[in-house]
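> The following block contains the structure, expressed as structure tokens.
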Amino acid sequence: MNRVLVAGTSLHFWFEERDIVALLSRRFPDEVVHRLHPRRGGSWEWPAMLKLKNQIAQAWCVVAAFSTVTIEAALMGRPAILVGFGNGPQGRVLDHWAYEHMATVASWPTSKVAHDEDELVRMVANALARPLTEEERDDLRARALLIADCRPGLHERIARAIEAAR
């Protein structure tokens, strides 16, 4: 069972993505699944969205540097571990959190920010050892719904994911 979903970024925002997947796979054998961003080998078509929904449903946490999958996971009561280290073509990974929706995700009580590989491994181990309580999942879902309000672009995609999960 894959209990850790690593959500990849588009356009190589996160150069260390594959290295982090390899690290987590070594530390947590048979627990990690890597979901490539649709622009890097996936798709936004229905079968791929259904596969993503199932991957989130199996996950106990989502690891990402920058991904709307963290919001979709929150809608399903799954917390995020955000990678706050590494580099991409537009600067440090952490700088991508200037985007409104990712800054919001980073501020949630159930979100954790890892600043190095050791901290990331500890956070994943903690997430696997202690799943969220029902109260924490309900709070996370409520916070995510505030972002998924059907504004053009990102929000429409999230709204479609919500409908698909029902």
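Convention: chains lettered A, B, ... in structure tokens order; per-chain residue numbering from 1; ligands numbered from 1 as shown.
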Which neighbours of Met76 of chain A fall inside 9 Å, counting only C-alpha atoms, when residues of the same chain fewer than 4 positions from it are skipped, and could you give them as a ChimeraX atom specification?
/A:53,56-57,71-72,137,140-141,162,165
> Name the closest residue to Asn54 of chain A among the candidates A:Ala142, A:Leu5, A:Val124, A:Ala103; distances are taken between atoms, counting only C-alpha atoms.
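Closest residue, counting only C-alpha atoms: A:Leu5.
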> Restricting the calculation to only C-alpha atoms, which member of A:Gln55, A:Thr133, A:Asn126, A:Thr104 is positioned closest to Gly77 of chain A?
A:Thr133
> So what do you get for atom CA of Pro38 of chain A versus atom CA of Ser10 of chain A, distance-wise?
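Those two atoms sit 7.3 Å apart.
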> Which residue, A:Leu146, A:Val6, A:Phe85, A:Gln58, has the smallest gap to Arg35 of chain A when you use only C-alpha atoms?
A:Val6
